[in-house]
file input.txt (compact mmCIF, C-alpha atoms)
# COMPACT_ATOMS: atom_id res chain seq x y z
CA MET V 1 86.90 90.71 91.00
CA THR V 2 86.69 88.15 93.76
CA THR V 3 85.97 88.31 97.45
CA SER V 4 86.99 85.22 99.37
CA PRO V 5 86.89 84.46 103.12
CA ILE V 6 90.09 83.64 104.94
CA GLY V 7 90.69 82.27 108.44
CA SER V 8 90.29 84.55 111.45
CA GLY V 9 93.85 83.73 112.55
CA ALA V 10 95.07 85.31 109.41
CA THR V 11 115.72 125.37 127.51
CA THR V 12 114.89 126.92 124.04
CA ALA V 13 117.93 125.30 122.53
CA ALA V 14 117.30 122.11 124.43
CA VAL V 15 113.65 121.99 123.42
CA ALA V 16 114.49 122.64 119.78
CA ALA V 17 117.10 119.90 119.86
CA SER V 18 114.68 117.40 121.32
CA THR V 19 111.92 117.99 118.78
CA ASN V 20 113.87 118.48 115.53
CA PRO V 21 116.12 116.20 113.43
CA SER V 22 119.86 115.82 114.02
CA GLY V 23 120.61 118.94 111.96
CA SER V 24 118.75 121.01 114.54
CA VAL V 25 120.85 119.44 117.28
CA THR V 26 123.96 120.74 115.56
CA ASN V 27 122.42 124.20 115.14
CA ALA V 28 121.38 124.26 118.80
CA ALA V 29 124.89 123.34 119.90
CA THR V 30 126.39 126.06 117.70
CA THR V 31 123.93 128.64 119.06
CA LEU V 32 124.65 127.59 122.65
CA THR V 33 128.42 127.90 122.09
CA GLY V 34 128.00 131.41 120.71
CA ASN V 35 125.72 132.46 123.56
CA PHE V 36 128.02 130.92 126.15
CA ASN V 37 131.08 132.72 124.75
CA THR V 38 129.16 135.99 124.75
CA PHE V 39 128.06 135.34 128.34
CA LEU V 40 131.64 134.70 129.46
CA THR V 41 132.86 137.86 127.72
CA LEU V 42 130.18 139.96 129.44
CA LEU V 43 130.86 138.26 132.78
CA THR V 44 134.60 138.89 132.52
CA THR V 45 134.03 142.54 131.60
CA GLN V 46 131.61 142.94 134.49
CA LEU V 47 134.05 141.41 136.96
CA GLN V 48 136.84 143.67 135.72
CA ASN V 49 134.72 146.78 136.09
CA GLN V 50 132.71 146.01 139.22
CA ASP V 51 132.72 148.30 142.26
CA PRO V 52 135.09 146.73 144.85
CA LEU V 53 132.88 148.11 147.61
CA SER V 54 129.80 146.52 146.07
CA PRO V 55 130.81 143.29 144.31
CA MET V 56 128.31 141.46 142.11
CA ASP V 57 126.25 138.61 143.45
CA THR V 58 128.22 135.42 142.78
CA ASP V 59 125.13 133.24 143.19
CA GLN V 60 123.54 134.84 140.14
CA PHE V 61 126.27 134.08 137.62
CA THR V 62 126.94 130.68 139.22
CA ASN V 63 123.31 129.74 138.56
CA GLN V 64 123.68 130.96 134.98
CA LEU V 65 126.76 128.78 134.50
CA VAL V 66 124.85 125.79 135.84
CA GLU V 67 121.95 126.46 133.46
CA PHE V 68 124.29 126.64 130.47
CA SER V 69 125.88 123.37 131.56
CA GLN V 70 122.50 121.64 131.84
CA VAL V 71 121.43 122.79 128.38
CA GLU V 72 124.73 121.63 126.91
CA GLN V 73 124.24 118.18 128.48
CA GLN V 74 120.70 118.00 127.07
CA ILE V 75 121.94 118.80 123.56
CA ASP V 76 124.63 116.13 123.86
CA THR V 77 122.01 113.63 125.03
CA ASN V 78 119.74 114.44 122.08
CA SER V 79 122.62 114.03 119.66
CA ASN V 80 123.40 110.60 121.08
CA LEU V 81 119.74 109.62 120.87
CA GLN V 82 119.67 110.58 117.19
CA GLN V 83 122.61 108.26 116.56
CA LEU V 84 120.92 105.42 118.47
CA ILE V 85 117.70 105.88 116.48
CA ALA V 86 119.63 105.76 113.21
CA LEU V 87 121.42 102.57 114.29
CA GLN V 88 118.14 100.99 115.37
CA GLY V 89 116.54 101.81 112.01
CA ALA V 90 119.48 100.29 110.16
CA GLY V 91 119.28 97.17 112.30
CA GLU V 92 115.55 96.79 111.68
CA SER V 93 116.12 97.23 107.95
CA ILE V 94 118.73 94.46 107.90
CA SER V 95 116.44 92.14 109.87
CA ALA V 96 113.64 92.88 107.36
CA LEU V 97 115.70 91.78 104.33
CA PRO V 98 114.01 88.33 104.23
CA LEU V 99 110.76 90.15 103.37
CA VAL V 100 112.06 91.02 99.89
CA GLY V 101 110.12 88.96 97.36
CA GLN V 102 107.49 87.97 99.93
CA ASN V 103 103.75 88.51 99.56
CA ILE V 104 102.61 90.35 102.70
CA GLU V 105 99.55 91.88 104.31
CA TYR V 106 100.04 95.40 105.70
CA SER V 107 97.88 97.88 107.57
CA SER V 108 96.76 100.28 104.83
CA ALA V 109 93.65 100.65 102.68
CA THR V 110 95.83 101.65 99.69
CA ALA V 111 97.41 99.11 97.37
CA PRO V 112 99.46 99.47 94.18
CA LEU V 113 98.08 98.38 90.83
CA ALA V 114 100.63 97.31 88.24
CA SER V 115 99.85 97.54 84.54
CA GLY V 116 97.81 94.48 83.63
CA GLY V 117 97.82 93.29 87.24
CA GLN V 118 95.43 93.43 90.17
CA ALA V 119 95.18 95.28 93.48
CA ASN V 120 94.61 93.08 96.51
CA PHE V 121 92.86 93.97 99.76
CA VAL V 122 91.74 92.24 102.96
CA TYR V 123 88.77 93.46 104.96
CA THR V 124 87.19 92.30 108.19
CA LEU V 125 83.56 92.78 109.18
CA PRO V 126 83.32 92.82 112.99
CA SER V 127 79.65 91.84 112.86
CA THR V 128 76.94 90.84 110.40
CA THR V 129 75.67 93.60 108.11
CA THR V 130 72.48 94.13 106.15
CA GLN V 131 74.40 95.87 103.38
CA THR V 132 78.09 96.18 102.48
CA ASN V 133 79.39 98.24 99.58
CA LEU V 134 82.97 98.11 98.31
CA ALA V 135 84.31 101.14 96.41
CA VAL V 136 87.76 101.51 94.84
CA THR V 137 89.01 105.09 94.48
CA ASP V 138 91.95 106.52 92.55
CA SER V 139 94.59 108.91 93.91
CA SER V 140 92.19 111.85 93.33
CA GLY V 141 89.44 110.23 95.39
CA ASN V 142 87.23 109.36 92.41
CA VAL V 143 85.28 106.10 92.64
CA VAL V 144 86.43 103.93 89.72
CA PHE V 145 84.80 100.64 90.69
CA SER V 146 82.15 99.44 93.13
CA GLU V 147 80.32 96.24 93.99
CA PRO V 148 78.45 94.65 96.92
CA GLY V 149 80.61 93.07 99.61
CA GLN V 150 80.13 90.26 102.07
CA THR V 151 77.55 90.64 104.86
CA THR V 152 78.59 87.87 107.26
CA ALA V 153 81.04 88.72 110.02
CA GLY V 154 84.52 87.55 109.07
CA THR V 155 87.67 88.34 107.11
CA TYR V 156 87.73 88.38 103.31
CA VAL V 157 90.23 88.86 100.47
CA PHE V 158 89.10 91.23 97.72
CA ASN V 159 91.02 91.09 94.43
CA TRP V 160 90.32 93.95 92.01
CA ASN V 161 91.41 93.45 88.39
CA GLY V 162 92.10 97.13 87.73
CA GLN V 163 89.04 97.72 85.56
CA THR V 164 86.00 99.95 85.90
CA ASN V 165 82.49 98.50 86.20
CA THR V 166 82.22 98.78 82.41
CA GLY V 167 85.44 96.85 81.84
CA VAL V 168 87.74 99.78 81.01
CA PRO V 169 91.34 99.07 82.15
CA LEU V 170 92.78 101.75 84.42
CA PRO V 171 96.41 102.93 84.51
CA ALA V 172 98.91 101.64 87.02
CA GLY V 173 98.98 103.54 90.29
CA ASP V 174 97.85 103.48 93.90
CA TYR V 175 94.19 102.70 94.60
CA THR V 176 92.26 102.80 97.86
CA LEU V 177 89.45 100.55 99.06
CA LYS V 178 86.57 102.21 100.93
CA ILE V 179 83.75 100.28 102.55
CA GLN V 180 80.31 101.38 103.69
CA ALA V 181 78.53 98.84 105.89
CA THR V 182 75.23 99.01 107.77
CA GLY V 183 74.16 96.84 110.68
CA PRO V 184 70.70 95.29 111.31
CA ASN V 185 69.71 98.24 113.50
CA GLY V 186 70.67 100.77 110.84
CA THR V 187 73.90 101.87 112.49
CA ALA V 188 77.15 102.17 110.56
CA ILE V 189 79.68 99.37 110.95
CA THR V 190 83.36 100.12 110.50
CA PRO V 191 85.33 97.30 108.85
CA THR V 192 89.08 96.91 109.17
CA ILE V 193 90.88 97.24 105.82
CA ALA V 194 94.37 96.06 104.91
CA SER V 195 96.23 95.56 101.64
CA VAL V 196 98.37 92.82 100.13
CA GLY V 197 101.43 93.09 97.89
CA ASP V 198 104.92 91.89 97.05
CA VAL V 199 107.89 93.52 98.78
CA SER V 200 110.52 94.72 96.32
CA ALA V 201 112.94 96.43 98.73
CA VAL V 202 113.57 97.38 102.36
CA GLY V 203 115.28 100.49 103.70
CA VAL V 204 115.31 103.23 106.33
CA GLN V 205 113.20 106.38 106.10
CA ASN V 206 113.35 109.08 108.80
CA GLY V 207 115.15 106.66 111.08
CA THR V 208 112.45 104.00 110.70
CA ALA V 209 112.74 100.72 108.82
CA SER V 210 110.36 100.50 105.86
CA PHE V 211 109.54 98.27 102.90
CA THR V 212 108.59 99.07 99.33
CA ILE V 213 105.53 97.72 97.53
CA GLY V 214 105.06 99.14 94.04
CA ASP V 215 105.91 102.81 94.40
CA MET V 216 104.72 102.90 98.02
CA THR V 217 107.06 103.14 101.01
CA ILE V 218 105.44 101.62 104.08
CA PRO V 219 106.75 101.60 107.69
CA LEU V 220 107.76 98.17 108.94
CA SER V 221 105.39 98.71 111.88
CA GLU V 222 102.42 98.30 109.47
CA LEU V 223 103.35 94.70 108.63
CA ILE V 224 100.54 92.31 109.62
CA THR V 225 101.36 88.92 108.13
CA VAL V 226 103.71 87.27 105.65
CA ASN V 227 101.73 84.86 103.49
CA PRO V 228 102.64 83.97 99.88
CA ASN V 229 99.00 82.93 99.20
CA LEU V 230 97.29 86.13 100.30
CA GLY V 231 95.87 88.06 97.41
CA GLN V 232 96.29 85.17 94.98
CA THR V 233 92.72 83.88 95.20
CA ASN V 234 90.88 84.03 91.85
call {"tool": "encode", "arguments": {"input": "input.txt", "output": "structure tokens"}}
result
Amino acid sequence: MTTSPIGSGATTAAVAASTNPSGSVTNAATTLTGNFNTFLTLLTTQLQNQDPLSPMDTDQFTNQLVEFSQVEQQIDTNSNLQQLIALQGAGESISALPLVGQNIEYSSATAPLASGGQANFVYTLPSTTTQTNLAVTDSSGNVVFSEPGQTTAGTYVFNWNGQTNTGVPLPAGDYTLKIQATGPNGTAITPTIASVGDVSAVGVQNGTASFTIGDMTIPLSELITVNPNLGQTN
């Protein structure tokens, strides 16, 4: 395991349609159509059977027609927004294609460990500490490796070889780095943790462009830097 410093530069229908995926937009439109047809049937029947000497208030059903029209417009707007989001995600995915094969740093404390490989992390201490402890945990939260970390403020690369403190190799999977750091006055210091890995694919998930590292799918928004040398320090 190595820790190396790096540079510092390194309506109900309308509401449902607006908060749910595109399938809900379709359901909302179908529900609105059914309700609107029922409303027109009732309105026509009421007009046909109203008392000529006491006709119904036209303002009331006019307002209802306006409300239905507004909800219908909102559903149409949401449907169009869903299409725009999908197109934007596809565009971002295409623009991210050059990342495939690149070694990148991304905003997550979890990194993949390949069989016989290493998991790579980057952490930043915002200030000097009196004690820093690095702990690697598995997907169940069990600590599988620990060692002292750096105490001087700065940014460091931590490469873990996938073995326990007794040298037992661990299976491939996703592992998380946790850090406990204490300042000179005894208060806890919170480091920033990121991970490093090679991008194997890019795509779109839930309308958002993403990239794949190991078996992890990570939003493109978590990309920090593209640097072929990150995580390669031995």
call {"tool": "closest_atom_pairs", "arguments": {"input": "input.txt", "of": "stretch 137-175 of chain V", "to": "stretch 120-126 of chain V", "cutoff": "7 Å", "atoms": "all atoms listed in the file", "output": "Markdown table"}}
result
| residue | atom | partner | partner_atom | distance |
| --- | --- | --- | --- | --- |
| V:Ala153 | CA | V:Leu125 | CA | 4.9 |
| V:Gly154 | CA | V:Leu125 | CA | 5.3 |
| V:Thr155 | CA | V:Thr124 | CA | 4.1 |
| V:Tyr156 | CA | V:Tyr123 | CA | 5.4 |
| V:Val157 | CA | V:Val122 | CA | 4.5 |
| V:Phe158 | CA | V:Phe121 | CA | 5.1 |
| V:Asn159 | CA | V:Asn120 | CA | 4.6 |
| V:Trp160 | CA | V:Asn120 | CA | 6.3 |
call {"tool": "closest_residue", "arguments": {"input": "input.txt", "among": "V:Ile193, V:Ile224, V:Ala188, V:Met216", "to": "V:Ala114", "atoms": "all atoms listed in the file"}}
result
V:Met216
call {"tool": "atom_distance", "arguments": {"input": "input.txt", "atom1": "atom CA of V:Ala172", "atom2": "atom CA of V:Ala201"}}
result
19.0 Å
call {"tool": "residues_around", "arguments": {"input": "input.txt", "residues": "stretch 174-182 of chain V", "least_positions_apart": "2", "cutoff": "9 Å", "atoms": "only C-alpha atoms", "output": "PDB file with C-alpha atoms, keeping the file's coordinate frame"}}
result
ATOM      1  CA  SER V 108      96.760 100.280 104.830  1.00  0.00           C
ATOM      2  CA  ALA V 109      93.650 100.650 102.680  1.00  0.00           C
ATOM      3  CA  THR V 110      95.830 101.650  99.690  1.00  0.00           C
ATOM      4  CA  ALA V 111      97.410  99.110  97.370  1.00  0.00           C
ATOM      5  CA  PRO V 112      99.460  99.470  94.180  1.00  0.00           C
ATOM      6  CA  LEU V 113      98.080  98.380  90.830  1.00  0.00           C
ATOM      7  CA  ALA V 114     100.630  97.310  88.240  1.00  0.00           C
ATOM      8  CA  ALA V 119      95.180  95.280  93.480  1.00  0.00           C
ATOM      9  CA  PHE V 121      92.860  93.970  99.760  1.00  0.00           C
ATOM     10  CA  TYR V 123      88.770  93.460 104.960  1.00  0.00           C
ATOM     11  CA  LEU V 125      83.560  92.780 109.180  1.00  0.00           C
ATOM     12  CA  THR V 128      76.940  90.840 110.400  1.00  0.00           C
ATOM     13  CA  THR V 129      75.670  93.600 108.110  1.00  0.00           C
ATOM     14  CA  THR V 130      72.480  94.130 106.150  1.00  0.00           C
ATOM     15  CA  GLN V 131      74.400  95.870 103.380  1.00  0.00           C
ATOM     16  CA  THR V 132      78.090  96.180 102.480  1.00  0.00           C
ATOM     17  CA  ASN V 133      79.390  98.240  99.580  1.00  0.00           C
ATOM     18  CA  LEU V 134      82.970  98.110  98.310  1.00  0.00           C
ATOM     19  CA  ALA V 135      84.310 101.140  96.410  1.00  0.00           C
ATOM     20  CA  VAL V 136      87.760 101.510  94.840  1.00  0.00           C
ATOM     21  CA  THR V 137      89.010 105.090  94.480  1.00  0.00           C
ATOM     22  CA  ASP V 138      91.950 106.520  92.550  1.00  0.00           C
ATOM     23  CA  SER V 139      94.590 108.910  93.910  1.00  0.00           C
ATOM     24  CA  GLY V 141      89.440 110.230  95.390  1.00  0.00           C
ATOM     25  CA  GLY V 149      80.610  93.070  99.610  1.00  0.00           C
ATOM     26  CA  THR V 151      77.550  90.640 104.860  1.00  0.00           C
ATOM     27  CA  ALA V 172      98.910 101.640  87.020  1.00  0.00           C
ATOM     28  CA  PRO V 184      70.700  95.290 111.310  1.00  0.00           C
ATOM     29  CA  ASN V 185      69.710  98.240 113.500  1.00  0.00           C
ATOM     30  CA  GLY V 186      70.670 100.770 110.840  1.00  0.00           C
ATOM     31  CA  THR V 187      73.900 101.870 112.490  1.00  0.00           C
ATOM     32  CA  ALA V 188      77.150 102.170 110.560  1.00  0.00           C
ATOM     33  CA  ILE V 189      79.680  99.370 110.950  1.00  0.00           C
ATOM     34  CA  THR V 190      83.360 100.120 110.500  1.00  0.00           C
ATOM     35  CA  PRO V 191      85.330  97.300 108.850  1.00  0.00           C
ATOM     36  CA  ILE V 193      90.880  97.240 105.820  1.00  0.00           C
ATOM     37  CA  ALA V 194      94.370  96.060 104.910  1.00  0.00           C
ATOM     38  CA  SER V 195      96.230  95.560 101.640  1.00  0.00           C
ATOM     39  CA  GLY V 214     105.060  99.140  94.040  1.00  0.00           C
ATOM     40  CA  ASP V 215     105.910 102.810  94.400  1.00  0.00           C
ATOM     41  CA  MET V 216     104.720 102.900  98.020  1.00  0.00           C
TER      42      MET V 216
END
call {"tool": "atom_distance", "arguments": {"input": "input.txt", "atom1": "atom CA of V:Thr212", "atom2": "atom CA of V:Asp198"}}
result
8.4 Å
call {"tool": "atom_distance", "arguments": {"input": "input.txt", "atom1": "atom CA of V:Gly167", "atom2": "atom CA of V:Thr152"}}
result
27.8 Å
call {"tool": "residues_around", "arguments": {"input": "input.txt", "residues": "V:Val226", "least_positions_apart": "3", "cutoff": "7 Å", "atoms": "only C-alpha atoms", "output": "NGL selection string"}}
result
:V and (102-105)
call {"tool": "closest_residue", "arguments": {"input": "input.txt", "among": "V:Val202, V:Leu223, V:Ala209, V:Val168", "to": "V:Gly116", "atoms": "only C-alpha atoms"}}
result
V:Val168
call {"tool": "closest_residue", "arguments": {"input": "input.txt", "among": "V:Gly197, V:Asn63, V:Asn165, V:Gly101", "to": "V:Gly117", "atoms": "all atoms listed in the file"}}
result
V:Gly197
call {"tool": "closest_residue", "arguments": {"input": "input.txt", "among": "V:Ser115, V:Thr166, V:Thr192, V:Thr45", "to": "V:Ser127", "atoms": "all atoms listed in the file"}}
result
V:Thr192
call {"tool": "closest_residue", "arguments": {"input": "input.txt", "among": "V:Ser146, V:Gln118, V:Ser210, V:Ser221", "to": "V:Leu170", "atoms": "only C-alpha atoms"}}
result
V:Gln118
